[in-house]
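A.B. asks: My structure is below; once you've seen it, I'll send some questions.
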Amino acid sequence: MALQLHRPLAFIDLETTGTNLAADRIVEIAIVKIMKDGTKQVKRKLINPEMPIPAGASDVHGISDDMVKDAPTFRQVANELKQFLENCDLAGYNSNRFDIPLLMEEFLRAGLSFDMQARKMVDVQKIFHMMEQRTLGAAYKFYCNKNLEGAHSAEVDATATWEILEAQLSRYPQLGDNVDSILKFTGDDQIVDFARRFIMSNGVEVFNFGKHKGRPVAEVLKAEPQYYDWMMKGDFPLHTKQKLTEILNRTLLKKQ
C-alpha cells in the first residue's frame, strides 16, 4: 500500500556526539524528503559540533573530529535546513524521542524558531515495536528483506526508515495510507516538551518526572516559585525550559 501524502514527509536521521539532549550536538544530518507525488529530495550534511566527538560515538557512526573540522556549524546551516523542512511533516526511527528533540535543541541554540504546532510526527520505530519488537537493522531485514549496509550513516538510516514505513503500510492495512491514519493507529503522544519532562493530562500540563510527577505544572509553580529557578539553572534541554517559561508566564497573567 503506497503512502498517500497531503504534504511532504521528511525522514530525519542524526549522528551525534552522544544521547544527552541538553549537552550533545549533531555531527551529521540527513533528511530524505518524500514529496506528495512520491519523488524524493535528499539533503545530507556533516556538521562541526564545536566540541570533541567522544571515541565511543565515533566507534558507532565512524565520524571523527578530523572529518568535521572544516564542516559548517549548525548555526551556519540552520536557515537552509529550516527552509528544506518548510511545510513538512516529520518522520524517523525513534525520532520522536531523539532525532526531532535534538534537532529542535540545535535550532534553539542557533536562535531560530521552528514551529512544530502544525506538524505531524511519524515514528516508524513505534509501529515496529508495537508489531515486532526489533532494531532498525532487523526491521529492515524483516520488512524489506535486505541487509542494512552502512548502518549509522545518517542518509542510509533515513532512507531505510522510509522504505520500512512503505513496507509496513503493505503488511498492516490497519495503518491506512496516510499520516493521519498512521497516528490514529499508533496514538499521538500528548507531549509538551520533547524531553517529555511535561505531558498533557486532561488538557493540563503536568510534570512527568521527579517529586511532582503527575501534578499540574502551573499548580507547582504557584506553590513553589523556586522550583522554576531550579529547573532553569539545571541541566534541562532548552526546549523544556522554553515550555516551562511559557507555562509560568501564562500562570502569572492569570493572576493579574
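Residues in the C-alpha cells are numbered from 1 in each chain, the chains being A, B, ... in the order shown, and ligands are numbered from 1 in the order shown.
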Could you name the residues that touch Leu238 in chain A at 7 Å or less, counting only C-alpha atoms, but leaving out those on the same chain fewer than 2 positions away, as a ChimeraX atom specification?
C.D. replies: /A:22,105,236,240-242
A.B. asks: Pick out the residues sitting within 12 Å of Ile199 in chain A, and hand them over as a CSV table (one decimal) with C-alpha atoms, in the first residue's frame; count only C-alpha atoms, and ignore anything fewer than 2 positions along from it in its own chain.
C.D. replies:
chain,number,residue,atom,x,y,z
A,188,ASP,CA,-0.3,10.7,19.0
A,189,ASP,CA,1.8,11.3,22.1
A,190,GLN,CA,0.4,14.2,24.2
A,191,ILE,CA,3.8,15.7,25.0
A,192,VAL,CA,4.5,19.3,25.9
A,193,ASP,CA,8.3,19.3,25.6
A,194,PHE,CA,10.4,16.9,23.5
A,195,ALA,CA,12.3,15.6,26.5
A,196,ARG,CA,8.9,14.6,28.0
A,197,ARG,CA,9.5,16.3,31.3
A,201,SER,CA,-3.3,15.1,31.2
A,202,ASN,CA,-6.9,16.1,30.9
A,203,GLY,CA,-5.9,19.2,28.9
A,204,VAL,CA,-3.4,20.4,31.6
A,205,GLU,CA,0.4,20.3,31.5
A,206,VAL,CA,1.7,18.0,34.3
A,207,PHE,CA,5.1,17.0,35.5
A,208,ASN,CA,6.3,13.7,34.1
A,209,PHE,CA,9.3,13.3,36.4
A,213,LYS,CA,5.2,13.7,38.8
A,214,GLY,CA,1.5,13.9,37.9
A,215,ARG,CA,0.9,17.3,39.4
A,216,PRO,CA,-0.1,20.3,37.2
A,217,VAL,CA,2.9,22.4,36.4
A,240,THR,CA,12.0,22.2,28.2
A,243,LYS,CA,7.9,25.5,27.7
A,244,LEU,CA,8.3,25.9,31.4
A.B. asks: Excluding same-chain residues fewer than 4 positions from range 35-37 of chain A, what lies within 8 Å of it counting only C-alpha atoms, as an mmCIF file with C-alpha atoms, in the first residue's frame?
C.D. replies:
data_model
loop_
_atom_site.group_PDB
_atom_site.id
_atom_site.type_symbol
_atom_site.label_atom_id
_atom_site.label_comp_id
_atom_site.auth_asym_id
_atom_site.auth_seq_id
_atom_site.Cartn_x
_atom_site.Cartn_y
_atom_site.Cartn_z
ATOM 1 C CA GLN A 4 -0.739 8.946 0.434
ATOM 2 C CA LEU A 5 0.626 12.344 1.426
ATOM 3 C CA HIS A 6 -1.178 15.658 1.793
ATOM 4 C CA ARG A 7 2.172 17.400 2.199
ATOM 5 C CA PRO A 8 5.834 16.299 2.127
ATOM 6 C CA LEU A 9 7.062 13.860 4.776
ATOM 7 C CA GLN A 41 14.749 15.014 -2.279
#
A.B. asks: Neighbouring residues of Leu112 in chain A were defined as those with any atom within 10 Å, considering only C-alpha atoms; residues of the same chain fewer than 6 positions away were excluded. Please report them as a list of chain:residue names.
C.D. replies: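 Once the nearby chain positions are removed, what remains is A:Arg75, A:Ala78, A:Asn79, A:Lys82, A:Met104, A:Glu105, A:Glu106.
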A.B. asks: With N, CA, C and O atoms retained, export the selected residues as a short mmCIF file (atom, residue, chain, number, x, y, z; two decimals), in the first residue's frame.
C.D. replies:
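File result_25.cif, as written:
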data_model
loop_
_atom_site.label_atom_id
_atom_site.label_comp_id
_atom_site.auth_asym_id
_atom_site.auth_seq_id
_atom_site.Cartn_x
_atom_site.Cartn_y
_atom_site.Cartn_z
N ARG A 75 24.73 26.38 13.34
CA ARG A 75 24.23 27.75 13.18
C ARG A 75 24.37 28.23 11.73
O ARG A 75 23.51 28.95 11.21
N ALA A 78 21.59 26.35 9.68
CA ALA A 78 20.26 26.24 10.28
C ALA A 78 19.17 26.78 9.37
O ALA A 78 18.11 26.15 9.20
N ASN A 79 19.38 27.94 8.77
CA ASN A 79 18.35 28.51 7.89
C ASN A 79 18.08 27.63 6.68
O ASN A 79 16.93 27.45 6.28
N LYS A 82 16.05 24.68 7.86
CA LYS A 82 14.68 25.11 8.18
C LYS A 82 13.86 25.28 6.91
O LYS A 82 12.71 24.85 6.84
N MET A 104 15.50 20.15 17.39
CA MET A 104 14.86 21.35 17.92
C MET A 104 15.80 22.10 18.87
O MET A 104 15.83 23.33 18.89
N GLU A 105 16.58 21.36 19.66
CA GLU A 105 17.56 21.99 20.55
C GLU A 105 18.59 22.77 19.73
O GLU A 105 18.95 23.89 20.08
N GLU A 106 19.03 22.19 18.64
CA GLU A 106 20.02 22.87 17.81
C GLU A 106 19.43 24.14 17.19
O GLU A 106 20.11 25.17 17.10
#
A.B. asks: Range 32-147 of chain A near range 153-177 of chain A within 8 Å: what's each residue's closest atom pair and its distance in Å to one decimal, counting only C-alpha atoms, ordered by chain then ascending residue number, as a Markdown table?
C.D. replies:
| residue | atom | partner | partner_atom | distance |
| --- | --- | --- | --- | --- |
| A:Val32 | CA | A:Thr159 | CA | 6.3 |
| A:Arg44 | CA | A:Glu155 | CA | 6.7 |
| A:His61 | CA | A:Ser153 | CA | 6.4 |
| A:Gly92 | CA | A:Thr161 | CA | 6.3 |
| A:Tyr93 | CA | A:Thr161 | CA | 6.2 |
| A:Val124 | CA | A:Leu165 | CA | 6.3 |
| A:Leu136 | CA | A:Thr161 | CA | 7.8 |
| A:Ala139 | CA | A:Ile164 | CA | 7.1 |
| A:Tyr140 | CA | A:Ile164 | CA | 6.1 |
| A:Tyr143 | CA | A:Ala167 | CA | 5.7 |
| A:Cys144 | CA | A:Ile164 | CA | 6.5 |
A.B. asks: Take the residues that were just selected and, keeping N, CA, C and O atoms, output them as a PDB file, in the first residue's frame.
C.D. replies:
ATOM      1  N   VAL A  32      15.615  12.865   4.171  1.00  0.00           N
ATOM      2  CA  VAL A  32      15.049  12.299   2.952  1.00  0.00           C
ATOM      3  C   VAL A  32      13.597  12.767   2.890  1.00  0.00           C
ATOM      4  O   VAL A  32      12.754  12.304   3.654  1.00  0.00           O
ATOM      5  N   ARG A  44      21.994  16.088   2.902  1.00  0.00           N
ATOM      6  CA  ARG A  44      22.896  15.485   3.888  1.00  0.00           C
ATOM      7  C   ARG A  44      24.045  16.434   4.158  1.00  0.00           C
ATOM      8  O   ARG A  44      24.608  17.014   3.230  1.00  0.00           O
ATOM      9  N   HIS A  61      29.337   5.690  14.701  1.00  0.00           N
ATOM     10  CA  HIS A  61      28.990   6.243  13.385  1.00  0.00           C
ATOM     11  C   HIS A  61      30.185   6.494  12.467  1.00  0.00           C
ATOM     12  O   HIS A  61      30.009   6.831  11.292  1.00  0.00           O
ATOM     13  N   GLY A  92      10.880   9.440  11.260  1.00  0.00           N
ATOM     14  CA  GLY A  92      12.195   8.876  11.514  1.00  0.00           C
ATOM     15  C   GLY A  92      12.061   7.598  12.319  1.00  0.00           C
ATOM     16  O   GLY A  92      10.957   7.081  12.525  1.00  0.00           O
ATOM     17  N   TYR A  93      13.191   7.112  12.789  1.00  0.00           N
ATOM     18  CA  TYR A  93      13.234   5.886  13.589  1.00  0.00           C
ATOM     19  C   TYR A  93      13.689   6.273  14.991  1.00  0.00           C
ATOM     20  O   TYR A  93      14.819   6.714  15.179  1.00  0.00           O
ATOM     21  N   VAL A 124       8.580   5.566  13.022  1.00  0.00           N
ATOM     22  CA  VAL A 124       8.488   4.228  12.452  1.00  0.00           C
ATOM     23  C   VAL A 124       8.854   3.166  13.490  1.00  0.00           C
ATOM     24  O   VAL A 124       8.318   2.054  13.473  1.00  0.00           O
ATOM     25  N   LEU A 136      16.563  -1.368  14.167  1.00  0.00           N
ATOM     26  CA  LEU A 136      16.440  -0.855  12.803  1.00  0.00           C
ATOM     27  C   LEU A 136      16.962  -1.862  11.775  1.00  0.00           C
ATOM     28  O   LEU A 136      16.320  -2.119  10.762  1.00  0.00           O
ATOM     29  N   ALA A 139      14.586  -4.636  11.540  1.00  0.00           N
ATOM     30  CA  ALA A 139      13.365  -4.152  10.889  1.00  0.00           C
ATOM     31  C   ALA A 139      13.545  -4.111   9.378  1.00  0.00           C
ATOM     32  O   ALA A 139      12.660  -4.498   8.602  1.00  0.00           O
ATOM     33  N   TYR A 140      14.708  -3.649   8.932  1.00  0.00           N
ATOM     34  CA  TYR A 140      14.987  -3.557   7.502  1.00  0.00           C
ATOM     35  C   TYR A 140      15.020  -4.951   6.872  1.00  0.00           C
ATOM     36  O   TYR A 140      14.482  -5.173   5.784  1.00  0.00           O
ATOM     37  N   TYR A 143      11.170  -6.356   7.090  1.00  0.00           N
ATOM     38  CA  TYR A 143      10.170  -5.751   6.212  1.00  0.00           C
ATOM     39  C   TYR A 143      10.618  -5.660   4.757  1.00  0.00           C
ATOM     40  O   TYR A 143       9.797  -5.768   3.842  1.00  0.00           O
ATOM     41  N   CYS A 144      11.901  -5.407   4.532  1.00  0.00           N
ATOM     42  CA  CYS A 144      12.391  -5.163   3.175  1.00  0.00           C
ATOM     43  C   CYS A 144      13.228  -6.307   2.622  1.00  0.00           C
ATOM     44  O   CYS A 144      13.629  -6.276   1.452  1.00  0.00           O
TER      45      CYS A 144
END
